[in-house]
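Structure data (mmCIF, C-alpha atoms) from upload.cif:
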data_my_file
loop_
_atom_site.group_PDB
_atom_site.id
_atom_site.type_symbol
_atom_site.label_atom_id
_atom_site.label_comp_id
_atom_site.auth_asym_id
_atom_site.auth_seq_id
_atom_site.Cartn_x
_atom_site.Cartn_y
_atom_site.Cartn_z
ATOM 1 C CA SER A 50 1.711 9.886 7.045
ATOM 2 C CA VAL A 51 4.651 7.464 7.134
ATOM 3 C CA GLY A 52 4.783 7.380 3.327
ATOM 4 C CA ARG A 53 4.847 11.162 3.058
ATOM 5 C CA ARG A 54 7.643 11.397 5.618
ATOM 6 C CA LEU A 55 9.591 8.606 3.921
ATOM 7 C CA ALA A 56 9.351 10.377 0.557
ATOM 8 C CA ALA A 57 10.503 13.650 2.106
ATOM 9 C CA ARG A 58 13.494 11.952 3.764
ATOM 10 C CA LEU A 59 14.427 10.225 0.507
ATOM 11 C CA GLY A 60 13.899 13.385 -1.545
ATOM 12 C CA ILE A 61 11.448 11.735 -3.933
ATOM 13 C CA PRO A 62 7.751 12.334 -4.659
ATOM 14 C CA PHE A 63 4.958 10.781 -2.615
ATOM 15 C CA VAL A 64 2.052 9.420 -4.668
ATOM 16 C CA ASP A 65 -1.207 8.039 -3.307
ATOM 17 C CA ALA A 66 -2.624 5.453 -5.712
ATOM 18 C CA ASP A 67 -6.160 5.972 -4.407
ATOM 19 C CA THR A 68 -6.011 9.672 -5.267
ATOM 20 C CA GLU A 69 -4.735 8.813 -8.740
ATOM 21 C CA ILE A 70 -7.484 6.204 -9.218
ATOM 22 C CA GLU A 71 -10.156 8.735 -8.290
ATOM 23 C CA ALA A 72 -8.669 11.295 -10.680
ATOM 24 C CA ALA A 73 -8.488 8.756 -13.531
ATOM 25 C CA ALA A 74 -12.085 7.628 -12.972
ATOM 26 C CA ALA A 75 -13.452 11.094 -12.129
ATOM 27 C CA MET A 76 -15.249 9.347 -9.257
ATOM 28 C CA THR A 77 -14.593 8.628 -5.604
ATOM 29 C CA ILE A 78 -13.594 5.105 -4.644
ATOM 30 C CA PRO A 79 -16.965 4.453 -2.956
ATOM 31 C CA GLU A 80 -18.678 5.608 -6.171
ATOM 32 C CA ILE A 81 -16.504 3.274 -8.255
ATOM 33 C CA PHE A 82 -17.365 0.345 -5.969
ATOM 34 C CA ALA A 83 -21.071 1.203 -6.068
ATOM 35 C CA LYS A 84 -21.249 1.669 -9.830
ATOM 36 C CA HIS A 85 -18.797 -0.964 -11.079
ATOM 37 C CA GLY A 86 -18.100 -3.338 -8.170
ATOM 38 C CA GLU A 87 -14.831 -4.468 -6.649
ATOM 39 C CA PRO A 88 -13.545 -6.570 -9.594
ATOM 40 C CA GLU A 89 -13.696 -3.596 -11.977
ATOM 41 C CA PHE A 90 -12.176 -1.328 -9.347
ATOM 42 C CA ARG A 91 -9.259 -3.757 -8.959
ATOM 43 C CA LYS A 92 -8.678 -3.827 -12.746
ATOM 44 C CA GLY A 93 -8.517 -0.038 -12.819
ATOM 45 C CA GLU A 94 -6.311 -0.019 -9.741
ATOM 46 C CA ALA A 95 -3.821 -2.375 -11.435
ATOM 47 C CA LYS A 96 -3.695 -0.101 -14.507
ATOM 48 C CA VAL A 97 -3.069 2.992 -12.403
ATOM 49 C CA ILE A 98 -0.357 1.238 -10.372
ATOM 50 C CA ALA A 99 1.342 0.119 -13.607
ATOM 51 C CA ARG A 100 1.295 3.681 -14.943
ATOM 52 C CA LEU A 101 2.629 5.120 -11.696
ATOM 53 C CA LEU A 102 5.436 2.570 -11.435
ATOM 54 C CA ASP A 103 6.665 3.680 -14.856
ATOM 55 C CA GLN A 104 7.126 7.245 -13.588
ATOM 56 C CA GLY A 105 10.404 6.636 -11.777
ATOM 57 C CA PRO A 106 11.451 6.735 -8.148
ATOM 58 C CA GLN A 107 8.667 7.599 -5.731
ATOM 59 C CA VAL A 108 6.998 6.428 -2.576
ATOM 60 C CA LEU A 109 3.729 4.923 -3.791
ATOM 61 C CA ALA A 110 1.013 4.288 -1.239
ATOM 62 C CA THR A 111 -1.450 1.662 -2.443
ATOM 63 C CA GLY A 112 -4.768 0.648 -1.003
ATOM 64 C CA GLY A 113 -4.784 -2.477 1.147
ATOM 65 C CA GLY A 114 -6.450 -4.594 -1.529
ATOM 66 C CA ALA A 115 -3.887 -3.903 -4.256
ATOM 67 C CA VAL A 116 -1.939 -6.992 -3.200
ATOM 68 C CA MET A 117 -4.902 -9.150 -4.170
ATOM 69 C CA ILE A 118 -4.205 -8.455 -7.844
ATOM 70 C CA ALA A 119 -1.513 -10.813 -9.141
ATOM 71 C CA ALA A 120 -0.500 -8.385 -11.898
ATOM 72 C CA ALA A 121 -0.089 -5.521 -9.417
ATOM 73 C CA ARG A 122 1.979 -7.721 -7.077
ATOM 74 C CA ALA A 123 4.243 -8.710 -9.962
ATOM 75 C CA LEU A 124 4.695 -5.098 -11.097
ATOM 76 C CA ILE A 125 5.512 -3.941 -7.595
ATOM 77 C CA ARG A 126 7.983 -6.826 -7.150
ATOM 78 C CA ASP A 127 9.646 -6.074 -10.514
ATOM 79 C CA LYS A 128 9.732 -2.277 -10.329
ATOM 80 C CA GLY A 129 9.842 -1.404 -6.657
ATOM 81 C CA ILE A 130 10.637 -2.261 -3.091
ATOM 82 C CA SER A 131 7.474 -3.201 -1.215
ATOM 83 C CA ILE A 132 6.983 -2.225 2.403
ATOM 84 C CA TRP A 133 4.339 -3.658 4.702
ATOM 85 C CA LEU A 134 3.427 -1.495 7.656
ATOM 86 C CA LYS A 135 2.105 -4.420 9.676
ATOM 87 C CA ALA A 136 -0.623 -3.593 12.150
ATOM 88 C CA ASP A 137 -2.827 -5.738 14.341
ATOM 89 C CA VAL A 138 -6.579 -5.810 13.718
ATOM 90 C CA ASP A 139 -7.359 -3.700 16.798
ATOM 91 C CA VAL A 140 -4.929 -0.990 15.640
ATOM 92 C CA LEU A 141 -6.452 -0.998 12.140
ATOM 93 C CA MET A 142 -9.971 -0.830 13.534
ATOM 94 C CA ARG A 143 -9.055 2.102 15.775
ATOM 95 C CA ARG A 144 -7.395 3.971 12.890
ATOM 96 C CA THR A 145 -10.213 3.417 10.405
ATOM 97 C CA LYS A 146 -13.386 3.484 12.495
ATOM 98 C CA ARG A 147 -14.197 7.059 11.513
ATOM 99 C CA ARG A 148 -13.389 6.615 7.810
ATOM 100 C CA SER A 149 -16.566 6.216 5.830
ATOM 101 C CA ASP A 150 -14.718 6.790 2.539
ATOM 102 C CA ARG A 151 -13.274 3.262 2.452
ATOM 103 C CA PRO A 152 -15.765 0.731 1.038
ATOM 104 C CA LEU A 153 -14.284 -2.332 2.771
ATOM 105 C CA VAL A 154 -13.342 -0.846 6.165
ATOM 106 C CA GLU A 155 -16.137 -2.673 7.953
ATOM 107 C CA HIS A 156 -14.681 -5.986 6.749
ATOM 108 C CA ILE A 157 -11.153 -5.588 8.175
ATOM 109 C CA LYS A 158 -11.494 -8.565 10.513
ATOM 110 C CA THR A 159 -12.350 -10.799 7.550
ATOM 111 C CA LEU A 160 -10.044 -9.246 4.966
ATOM 112 C CA LEU A 161 -6.855 -9.110 7.018
ATOM 113 C CA PRO A 162 -6.415 -12.898 7.344
ATOM 114 C CA GLN A 163 -7.033 -13.250 3.579
ATOM 115 C CA ARG A 164 -4.533 -10.535 2.696
ATOM 116 C CA GLU A 165 -1.769 -11.208 5.226
ATOM 117 C CA PRO A 166 -0.117 -14.018 3.199
ATOM 118 C CA PHE A 167 0.299 -11.525 0.349
ATOM 119 C CA TYR A 168 1.431 -8.703 2.624
ATOM 120 C CA ALA A 169 4.012 -11.089 4.103
ATOM 121 C CA GLN A 170 5.713 -11.262 0.693
ATOM 122 C CA ALA A 171 6.791 -7.620 1.077
ATOM 123 C CA ASP A 172 10.482 -6.846 0.772
ATOM 124 C CA ILE A 173 10.435 -4.969 4.084
ATOM 125 C CA THR A 174 8.060 -5.445 7.013
ATOM 126 C CA VAL A 175 7.870 -2.876 9.791
ATOM 127 C CA GLN A 176 5.534 -3.240 12.753
ATOM 128 C CA SER A 177 3.196 -0.254 12.789
ATOM 129 C CA ARG A 178 2.834 0.954 16.347
ATOM 130 C CA GLU A 179 2.260 4.052 18.404
ATOM 131 C CA ASP A 180 5.885 5.219 18.101
ATOM 132 C CA PRO A 181 6.560 8.522 16.333
ATOM 133 C CA HIS A 182 6.275 8.214 12.564
ATOM 134 C CA ASP A 183 9.877 9.337 12.176
ATOM 135 C CA THR A 184 10.935 6.213 14.116
ATOM 136 C CA ILE A 185 9.076 4.007 11.637
ATOM 137 C CA VAL A 186 10.595 5.937 8.715
ATOM 138 C CA ALA A 187 14.079 5.469 10.176
ATOM 139 C CA GLU A 188 13.488 1.694 10.379
ATOM 140 C CA ILE A 189 12.448 1.593 6.738
ATOM 141 C CA ILE A 190 15.430 3.666 5.639
ATOM 142 C CA GLY A 191 17.694 1.378 7.670
ATOM 143 C CA ALA A 192 16.373 -1.677 5.808
ATOM 144 C CA LEU A 193 16.558 -0.182 2.306
ATOM 145 C CA PRO A 194 20.310 -0.573 1.554
ATOM 146 C CA GLU A 195 20.213 -4.349 2.098
ATOM 147 C CA LYS A 196 17.115 -4.734 -0.065
ATOM 148 C CA LEU A 197 18.497 -2.505 -2.809
ATOM 149 C CA ALA A 198 21.774 -4.463 -2.826
ATOM 150 C CA ALA A 199 19.897 -7.774 -3.007
ATOM 151 C CA ARG A 200 17.752 -6.460 -5.857
ATOM 152 C CA ALA A 201 20.834 -5.276 -7.759
ATOM 153 C CA ALA A 202 22.478 -8.683 -7.282
ATOM 154 C CA GLU A 203 19.342 -10.415 -8.666
ATOM 155 C CA LYS A 204 19.399 -8.261 -11.786
ATOM 156 C CA ASN A 205 23.178 -8.486 -12.311
ATOM 157 C CA PRO A 206 24.309 -11.934 -11.116
#

Before anything else, please render the file you have as structure tokens.
Amino acid sequence: SVGRRLAARLGIPFVDADTEIEAAAAMTIPEIFAKHGEPEFRKGEAKVIARLLDQGPQVLATGGGAVMIAAARALIRDKGISIWLKADVDVLMRRTKRRSDRPLVEHIKTLLPQREPFYAQADITVQSREDPHDTIVAEIIGALPEKLAARAAEKNP
């Protein structure tokens, strides 16, 4: 929801990597996990993210495990501005408890501590909370100019 609103405010497309992965595989994510396992899913996920990042400006929503792939992290760092919508475990559990379409949802309490060091490398971190989504979007937009200027300075010293 935040990603869609951010894209609309920025006037660029919103793309959900999970939707693109399912389309590329002609299978749902749970089916991919069941048939091929997580390592193969992650390889396919990295390929889809690479393809999407070559398609120009967009807001790209990735699955929570995408950061576990070094190649995907590097691509995102090189071709985008990463944003972590940081949420506490209890918030994540409340938001995902009715989602049976996510293969690793039941492991949030274990996965979050493993993933947080990678999430913390994001260019922008915004605390996800019960405020209106437009408030969160405004915070992200407020942080973008500084990050874009820093990125431009890195590429053109």

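For the structure shown here, the set of residues caught by the PyMOL selection byres ((chain A and resi 174) around 9) is Ser131, Ile132, Trp133, Leu134, Lys135, Tyr168, Ala169, Gln170, Ala171, Asp172, Ile173, Val175, Gln176 and Ile189 of chain A.
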
For this file, the PyMOL selection byres ((chain A and resi 52-57) around 8) selects which residues, as a list in words?
-> Ser50, Val51, Arg58, Leu59, Gly60, Ile61, Pro62, Phe63, Gln107, Val108, Leu109, Ala110, His182, Asp183, Val186 and Ile190 of chain A

Env of Lys92 (chain A): 10 Å cut, atoms = all atoms listed in the file, seq-sep filter 3 positions within chain, self excluded. Answer as a CSV table (one decimal) with C-alpha atoms, in the frame of the given file.
chain,number,residue,atom,x,y,z
A,87,GLU,CA,-14.8,-4.5,-6.6
A,88,PRO,CA,-13.5,-6.6,-9.6
A,89,GLU,CA,-13.7,-3.6,-12.0
A,95,ALA,CA,-3.8,-2.4,-11.4
A,96,LYS,CA,-3.7,-0.1,-14.5
A,97,VAL,CA,-3.1,3.0,-12.4
A,115,ALA,CA,-3.9,-3.9,-4.3
A,118,ILE,CA,-4.2,-8.5,-7.8
A,120,ALA,CA,-0.5,-8.4,-11.9
A,121,ALA,CA,-0.1,-5.5,-9.4

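When CA of Ala192 (chain A) is paired with CA of Gly129 (chain A), their separation reads 14.1 Å.
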
Let me know the centre plus edge lengths, in Å and rounded to one decimal, of a box with edges along x, y and z that contains all listed atoms of region 159-165 of chain A and is padded by 8 Å on every side, as lines of an AutoDock Vina configuration file.
center_x = -7.1
center_y = -11.2
center_z = 5.1
size_x = 26.6
size_y = 20.1
size_z = 20.9

Separation of CA of Gly113 (chain A) from CA of Ile185 (chain A) in Å = 18.6 Å

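Of note, CA of Met117 (chain A) and CA of Ile70 (chain A) are spaced 16.4 Å apart.
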
Close residues, Ala74 (chain A) itself excluded, 12 Å, all atoms listed in the file, min 2 positions apart in chain, as a ChimeraX atom specification | /A:67-72,76-82,84-85,89-90,92-94,96-97

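Of the residues listed (A:Lys204, A:Arg164, A:Arg100, A:Lys158), A:Arg100 shows the shortest atom-to-atom separation from Leu124 (chain A); distances use only C-alpha atoms.
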
Expected answer as a ChimeraX atom specification: all residues with atoms within 9 Å of (-8.1, -9.6, 15.1), all atoms listed in the file = /A:137-139,157-159,161-162
